[in-house]
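Asks: Next comes the structure file coords_33.txt, holding compact mmCIF, C-alpha atoms.
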# COMPACT_ATOMS: atom_id res chain seq x y z
CA GLN G 1 -43.43 -61.34 -3.39
CA GLN G 2 -47.18 -61.43 -3.82
CA SER G 3 -49.25 -58.33 -3.27
CA TRP G 4 -51.56 -58.02 -0.30
CA GLN G 5 -54.63 -58.43 -2.52
CA GLN G 6 -53.29 -61.69 -4.01
CA GLN G 7 -52.52 -63.06 -0.58
CA SER G 8 -56.01 -62.09 0.64
CA TRP G 9 -57.66 -63.83 -2.32
CA GLN G 10 -55.64 -66.97 -1.67
CA GLN G 11 -56.67 -66.93 1.98
CA GLN G 12 -60.33 -66.58 1.04
CA SER G 13 -60.08 -69.45 -1.42
CA TRP G 14 -58.37 -71.59 1.16
CA GLY G 15 -61.13 -70.90 3.73
CA GLN G 16 -63.92 -71.66 1.27
CA ASN G 17 -62.36 -75.00 0.34
CA GLY G 18 -62.48 -76.07 3.98
CA LYS G 19 -58.71 -76.21 4.40
CA GLY G 20 -58.72 -73.78 7.25
CA GLY G 21 -60.34 -76.15 9.77
CA LYS G 22 -63.87 -76.77 11.01
CA GLY G 23 -66.45 -74.18 11.98
CA GLY G 24 -65.14 -70.82 13.24
CA GLY G 25 -61.58 -72.12 13.43
CA GLY G 26 -61.03 -71.45 9.74
CA GLY G 27 -62.07 -67.79 10.05
CA GLY G 28 -59.64 -67.21 12.90
CA GLY G 29 -56.72 -68.42 10.82
CA TRP G 30 -57.65 -66.11 8.01
CA GLN G 31 -57.70 -63.09 10.33
CA GLN G 32 -54.33 -64.06 11.72
CA GLN G 33 -52.89 -64.21 8.24
CA GLN G 34 -54.39 -60.82 7.47
CA GLN G 35 -52.75 -59.43 10.59
CA GLN G 36 -49.42 -60.92 9.57
CA GLN G 37 -49.77 -59.50 6.08
CA LYS G 38 -50.60 -56.11 7.53
CA GLN G 39 -47.54 -56.24 9.75
CA GLN G 40 -45.41 -57.30 6.82
CA GLN G 41 -46.81 -54.44 4.75
CA GLU G 42 -46.11 -51.97 7.54
CA GLU G 43 -42.62 -53.37 7.91
CA MET G 44 -42.05 -52.96 4.18
CA ASN G 45 -43.38 -49.41 4.36
CA ARG G 46 -41.07 -48.62 7.27
CA LYS G 47 -38.18 -50.13 5.37
CA ARG G 48 -38.98 -48.12 2.26
CA MET G 49 -39.34 -44.99 4.39
CA ALA G 50 -36.02 -45.68 6.08
CA GLU G 51 -34.35 -46.26 2.72
CA GLN G 52 -35.85 -43.06 1.36
CA GLN G 53 -34.71 -41.13 4.43
CA ALA G 54 -31.26 -42.69 4.09
CA ARG G 55 -31.11 -41.64 0.44
CA MET G 56 -32.24 -38.12 1.36
CA ALA G 57 -29.67 -37.96 4.15
CA GLN G 58 -26.99 -39.18 1.75
CA GLN G 59 -27.99 -36.59 -0.84
CA LYS G 60 -27.97 -33.90 1.83
CA ALA G 61 -24.53 -35.03 3.00
CA GLN G 62 -23.29 -35.00 -0.59
CA GLN G 63 -24.66 -31.51 -1.14
CA GLU G 64 -23.10 -30.30 2.10
CA GLU G 65 -19.78 -31.87 1.09
CA MET G 66 -19.98 -30.19 -2.30
CA GLN G 67 -20.73 -26.86 -0.65
CA ARG G 68 -17.87 -27.38 1.80
CA LYS G 69 -15.45 -28.19 -1.02
CA LYS G 70 -16.68 -25.20 -3.00
CA ALA G 71 -16.24 -22.91 0.00
CA GLU G 72 -12.78 -24.37 0.62
CA GLU G 73 -11.84 -23.83 -3.01
CA GLN G 74 -13.07 -20.24 -2.87
CA ARG G 75 -11.10 -19.69 0.34
CA LYS G 76 -7.95 -21.08 -1.30
CA GLN G 77 -8.50 -18.90 -4.35
CA MET G 78 -8.89 -15.82 -2.15
CA GLU G 79 -5.74 -16.70 -0.21
CA GLU G 80 -3.84 -17.26 -3.45
CA MET G 81 -5.08 -13.94 -4.83
CA ARG G 82 -4.08 -12.10 -1.65
CA LYS G 83 -0.70 -13.83 -1.76
CA ARG G 84 -0.12 -12.78 -5.37
CA GLN G 85 -1.18 -9.23 -4.55
CA ALA G 86 1.26 -9.14 -1.63
CA GLU G 87 4.03 -10.51 -3.87
CA GLN G 88 3.30 -7.93 -6.57
CA LYS G 89 3.28 -5.15 -3.97
CA ALA G 90 6.66 -6.28 -2.61
CA GLN G 91 8.14 -6.56 -6.11
CA MET G 92 6.86 -3.10 -7.04
CA ALA G 93 8.28 -1.54 -3.87
CA ILE G 94 11.75 -2.91 -4.62
CA ARG G 95 11.63 -2.08 -8.33
CA GLN G 96 10.69 1.52 -7.57
CA VAL G 97 13.94 1.88 -5.62
CA VAL G 98 15.83 0.01 -8.38
CA ASN G 99 14.63 2.61 -10.89
CA LYS G 100 15.85 5.39 -8.59
CA VAL G 101 19.25 3.70 -8.30
CA LYS G 102 19.55 3.66 -12.09
CA LEU G 103 19.34 7.48 -12.04
CA ALA G 104 21.90 7.87 -9.26
CA THR G 105 24.55 10.61 -9.31
CA PRO G 106 27.76 10.83 -7.28
CA GLU G 107 25.82 12.93 -4.76
CA THR G 108 22.92 10.46 -4.34
CA PHE G 109 24.49 7.04 -4.99
CA ASP G 110 25.38 6.10 -1.39
CA LYS G 111 21.96 7.13 -0.08
CA LEU G 112 20.09 5.21 -2.80
CA LYS G 113 22.30 2.16 -2.28
CA GLU G 114 21.30 2.12 1.39
CA GLU G 115 17.64 2.65 0.48
CA LEU G 116 17.74 -0.37 -1.84
CA ALA G 117 19.32 -2.51 0.88
CA GLN G 118 16.51 -1.56 3.26
CA ALA G 119 13.84 -2.32 0.63
CA LEU G 120 15.33 -5.77 0.00
CA ALA G 121 15.50 -6.51 3.72
CA LYS G 122 11.84 -5.55 4.11
CA ASP G 123 10.14 -7.00 1.01
CA PHE G 124 12.47 -9.52 -0.65
CA ASP G 125 11.08 -12.58 1.17
CA ASN G 126 7.56 -11.65 -0.02
CA CYS G 127 8.47 -11.62 -3.72
CA GLY G 128 7.50 -15.27 -4.22
CA PRO G 129 8.69 -16.93 -7.44
CA GLN G 130 10.09 -13.59 -8.66
CA LYS G 131 12.77 -13.45 -5.93
CA ALA G 132 15.61 -14.51 -8.21
CA LYS G 133 14.62 -12.03 -10.92
CA VAL G 134 14.23 -9.17 -8.43
CA GLN G 135 17.67 -9.95 -6.96
CA GLU G 136 19.21 -10.00 -10.43
CA GLU G 137 17.61 -6.66 -11.34
CA SER G 138 18.86 -5.12 -8.09
CA ASP G 139 22.43 -6.36 -8.57
CA LYS G 140 22.58 -5.16 -12.18
CA ALA G 141 21.15 -1.75 -11.26
CA LEU G 142 23.75 -1.29 -8.51
CA GLU G 143 26.61 -2.36 -10.76
CA ALA G 144 25.49 -0.09 -13.61
CA ALA G 145 24.95 2.85 -11.25
CA ALA G 146 28.40 2.39 -9.69
CA GLN G 147 30.04 2.38 -13.12
CA LYS G 148 28.06 5.44 -14.20
CA VAL G 149 28.97 7.33 -11.02
CA LYS G 150 32.64 6.43 -11.49
CA ALA G 151 32.54 7.68 -15.09
CA ILE G 152 30.89 10.94 -13.98
CA GLU G 153 33.53 11.47 -11.30
CA GLU G 154 36.34 10.82 -13.78
CA THR G 155 34.79 13.23 -16.29
CA ARG G 156 34.39 15.86 -13.60
CA ALA G 157 37.99 15.38 -12.46
CA LYS G 158 39.27 15.78 -16.03
CA ALA G 159 37.13 18.86 -16.54
CA GLU G 160 38.37 20.36 -13.27
CA LEU G 161 41.98 19.65 -14.22
CA ALA G 162 41.47 21.18 -17.65
CA LYS G 163 39.86 24.21 -16.02
CA LYS G 164 42.82 24.63 -13.67
CA GLU G 165 45.29 24.27 -16.53
CA ALA G 166 43.39 26.83 -18.58
CA GLU G 167 43.31 29.23 -15.63
CA LYS G 168 47.03 28.73 -15.07
CA LYS G 169 47.78 29.48 -18.71
CA ARG G 170 45.50 32.49 -18.62
CA GLN G 171 47.32 33.87 -15.58
CA GLU G 172 50.69 33.21 -17.21
CA ALA G 173 49.56 34.96 -20.39
CA LEU G 174 48.24 37.87 -18.35
CA GLU G 175 51.53 38.22 -16.48
CA LYS G 176 53.46 38.03 -19.74
CA ALA G 177 51.23 40.68 -21.26
CA LYS G 178 51.81 42.93 -18.26
CA GLU G 179 55.57 42.45 -18.55
CA LEU G 180 55.53 43.20 -22.27
CA LEU G 181 53.38 46.25 -21.71
CA ALA G 182 55.73 47.55 -19.02
CA GLU G 183 58.71 46.86 -21.27
CA LEU G 184 57.02 48.60 -24.16
CA GLU G 185 56.24 51.60 -22.00
CA GLY G 186 59.91 51.72 -20.92
CA LEU G 187 61.10 51.55 -24.52
CA THR G 188 58.71 54.28 -25.47
CA ASP G 189 60.01 56.50 -22.69
CA ASP G 190 63.63 55.79 -23.69
CA ALA G 191 62.88 56.49 -27.34
CA GLU G 192 61.19 59.73 -26.47
CA ALA G 193 64.15 60.75 -24.29
CA ALA G 194 66.66 59.83 -27.03
CA THR G 195 64.69 61.73 -29.63
CA LYS G 196 64.53 64.73 -27.34
CA GLY G 197 68.31 64.54 -26.75
CA LEU G 198 68.95 64.37 -30.49
CA GLN G 199 66.72 67.37 -31.06
CA GLU G 200 68.54 69.34 -28.36
CA ALA G 201 71.97 68.38 -29.78
CA GLY G 202 70.85 69.44 -33.25
CA ALA G 203 69.60 72.75 -31.93
CA THR G 204 72.94 73.37 -30.17
CA PHE G 205 74.80 72.57 -33.37
CA VAL G 206 72.71 75.05 -35.32
CA LYS G 207 73.25 77.81 -32.76
CA ASN G 208 77.04 77.59 -33.07
CA ALA G 209 77.38 80.17 -35.85
CA ASP G 210 81.11 80.62 -35.35
CA VAL G 211 81.85 77.16 -36.67
CA ASP G 212 83.98 78.17 -39.60
CA SER G 213 86.50 75.38 -39.82
CA GLU G 214 86.40 71.60 -40.17
CA PRO G 215 87.87 70.91 -36.73
CA LYS G 216 85.25 73.11 -35.14
CA VAL G 217 82.51 71.37 -37.12
CA GLU G 218 83.73 67.95 -36.05
CA LYS G 219 83.94 69.09 -32.44
CA VAL G 220 80.42 70.49 -32.44
CA ALA G 221 79.04 67.43 -34.33
CA VAL G 222 80.26 64.94 -31.70
CA PRO G 223 77.28 65.45 -29.34
CA VAL G 224 74.91 65.22 -32.29
CA ASP G 225 76.39 61.90 -33.47
CA LYS G 226 76.31 60.52 -29.94
CA ALA G 227 72.67 61.51 -29.43
CA ASN G 228 71.80 60.04 -32.82
CA LYS G 229 73.39 56.68 -31.98
CA GLU G 230 71.67 56.52 -28.60
CA ALA G 231 68.32 57.29 -30.17
CA ALA G 232 68.86 54.66 -32.87
CA GLU G 233 69.83 52.02 -30.31
CA LYS G 234 66.85 52.71 -28.07
CA VAL G 235 64.34 52.83 -30.91
CA GLY G 236 65.84 49.70 -32.47
CA ALA G 237 65.64 47.82 -29.17
Could I get this file's structure written as structure tokens?
Replies:
Amino acid sequence: QQSWQQQSWQQQSWGQNGKGGKGGGGGGGWQQQQQQQKQQQEEMNRKRMAEQQARMAQQKAQQEEMQRKKAEEQRKQMEEMRKRQAEQKAQMAIRQVVNKVKLATPETFDKLKEELAQALAKDFDNCGPQKAKVQEESDKALEAAAQKVKAIEETRAKAELAKKEAEKKRQEALEKAKELLAELEGLTDDAEAATKGLQEAGATFVKNADVDSEPKVEKVAVPVDKANKEAAEKVGA
């Protein structure tokens, strides 16, 4: 397309060469062409303005779309972060009870087992991709705790049985000692009595001064021999 100045120069040349008609008719045609050119120029300006506005609107729309996508991405990231935090919180709550179960005793096992069941019912569905691992840890902790509690109970039962057996033997030994002591005291009393009888028989024998024959000696010696035998038997027992 020719510029407005080029078109104007052509129109002037055309008018000067007499091609525009006779008299004032040629000047009127030139003005009409100028008006048309002006309208064309204005139309081109409007078109360029519209195109520029369209480009600006498109750029604005693109920027708004980018901002919307960025905001959406940030929102998703925040949701994902909150989700992970909730999952970690749920996992931690269950694992805290799992650690308590591992330290269970026969007195606390049933209570901790119930506490773990409640923790799983409350938080297990919020554990996300760690659900299988958390379930495995819980099952293993319960199994290990049950075995440990059983071993403790068996050890306690054996210790209690051994204690009872030891107490029984102690009582038996004590009773035996009492019996032996009583028997010893009885033997001591018998020995003392026999010794006393022997001493008395000997004293009687010595007092019999009129023993001047063998038959009399044998007769007087009979009580002494008897007392001596009794004393020997009792002391020997």
Asks: Excluding stretch 106-123 of chain G and residues on its chain fewer than 3 positions from it, collect all residues at most 8 Å away from it, counting all atoms listed in the file, and give them as a ChimeraX atom specification.
Replies: /G:90-91,93-94,97-98,100-101,126-127,138,142,145-146,149-150,152-153
Asks: Please produce a file of those selected residues containing C-alpha atoms, as a PDB file, in the coordinates of the input.
Replies:
ATOM      1  CA  ALA G  90       6.660  -6.280  -2.610  1.00  0.00           C
ATOM      2  CA  GLN G  91       8.140  -6.560  -6.110  1.00  0.00           C
ATOM      3  CA  ALA G  93       8.280  -1.540  -3.870  1.00  0.00           C
ATOM      4  CA  ILE G  94      11.750  -2.910  -4.620  1.00  0.00           C
ATOM      5  CA  VAL G  97      13.940   1.880  -5.620  1.00  0.00           C
ATOM      6  CA  VAL G  98      15.830   0.010  -8.380  1.00  0.00           C
ATOM      7  CA  LYS G 100      15.850   5.390  -8.590  1.00  0.00           C
ATOM      8  CA  VAL G 101      19.250   3.700  -8.300  1.00  0.00           C
ATOM      9  CA  ASN G 126       7.560 -11.650  -0.020  1.00  0.00           C
ATOM     10  CA  CYS G 127       8.470 -11.620  -3.720  1.00  0.00           C
ATOM     11  CA  SER G 138      18.860  -5.120  -8.090  1.00  0.00           C
ATOM     12  CA  LEU G 142      23.750  -1.290  -8.510  1.00  0.00           C
ATOM     13  CA  ALA G 145      24.950   2.850 -11.250  1.00  0.00           C
ATOM     14  CA  ALA G 146      28.400   2.390  -9.690  1.00  0.00           C
ATOM     15  CA  VAL G 149      28.970   7.330 -11.020  1.00  0.00           C
ATOM     16  CA  LYS G 150      32.640   6.430 -11.490  1.00  0.00           C
ATOM     17  CA  ILE G 152      30.890  10.940 -13.980  1.00  0.00           C
ATOM     18  CA  GLU G 153      33.530  11.470 -11.300  1.00  0.00           C
TER      19      GLU G 153
END
Asks: Calculate how many Å separate atom CA of G:Glu143 from atom CA of G:Ala104, rounding to one decimal.
Replies: 11.4 Å
Asks: Between G:Met44, G:Glu192, G:Pro129, G:Met66, which one has atoms that come closest to G:Lys83, using all atoms listed in the file?
Replies: G:Pro129
Asks: Measure the distance from atom CA of G:Thr188 to atom CA of G:Lys176 in Å and round it to one decimal.
Replies: 18.0 Å
Asks: Work out how far atom CA of G:Asn99 is from atom CA of G:Thr155, in Å to one decimal.
Replies: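 Between atom CA of G:Thr155 and atom CA of G:Asn99 the gap works out to 23.4 Å.
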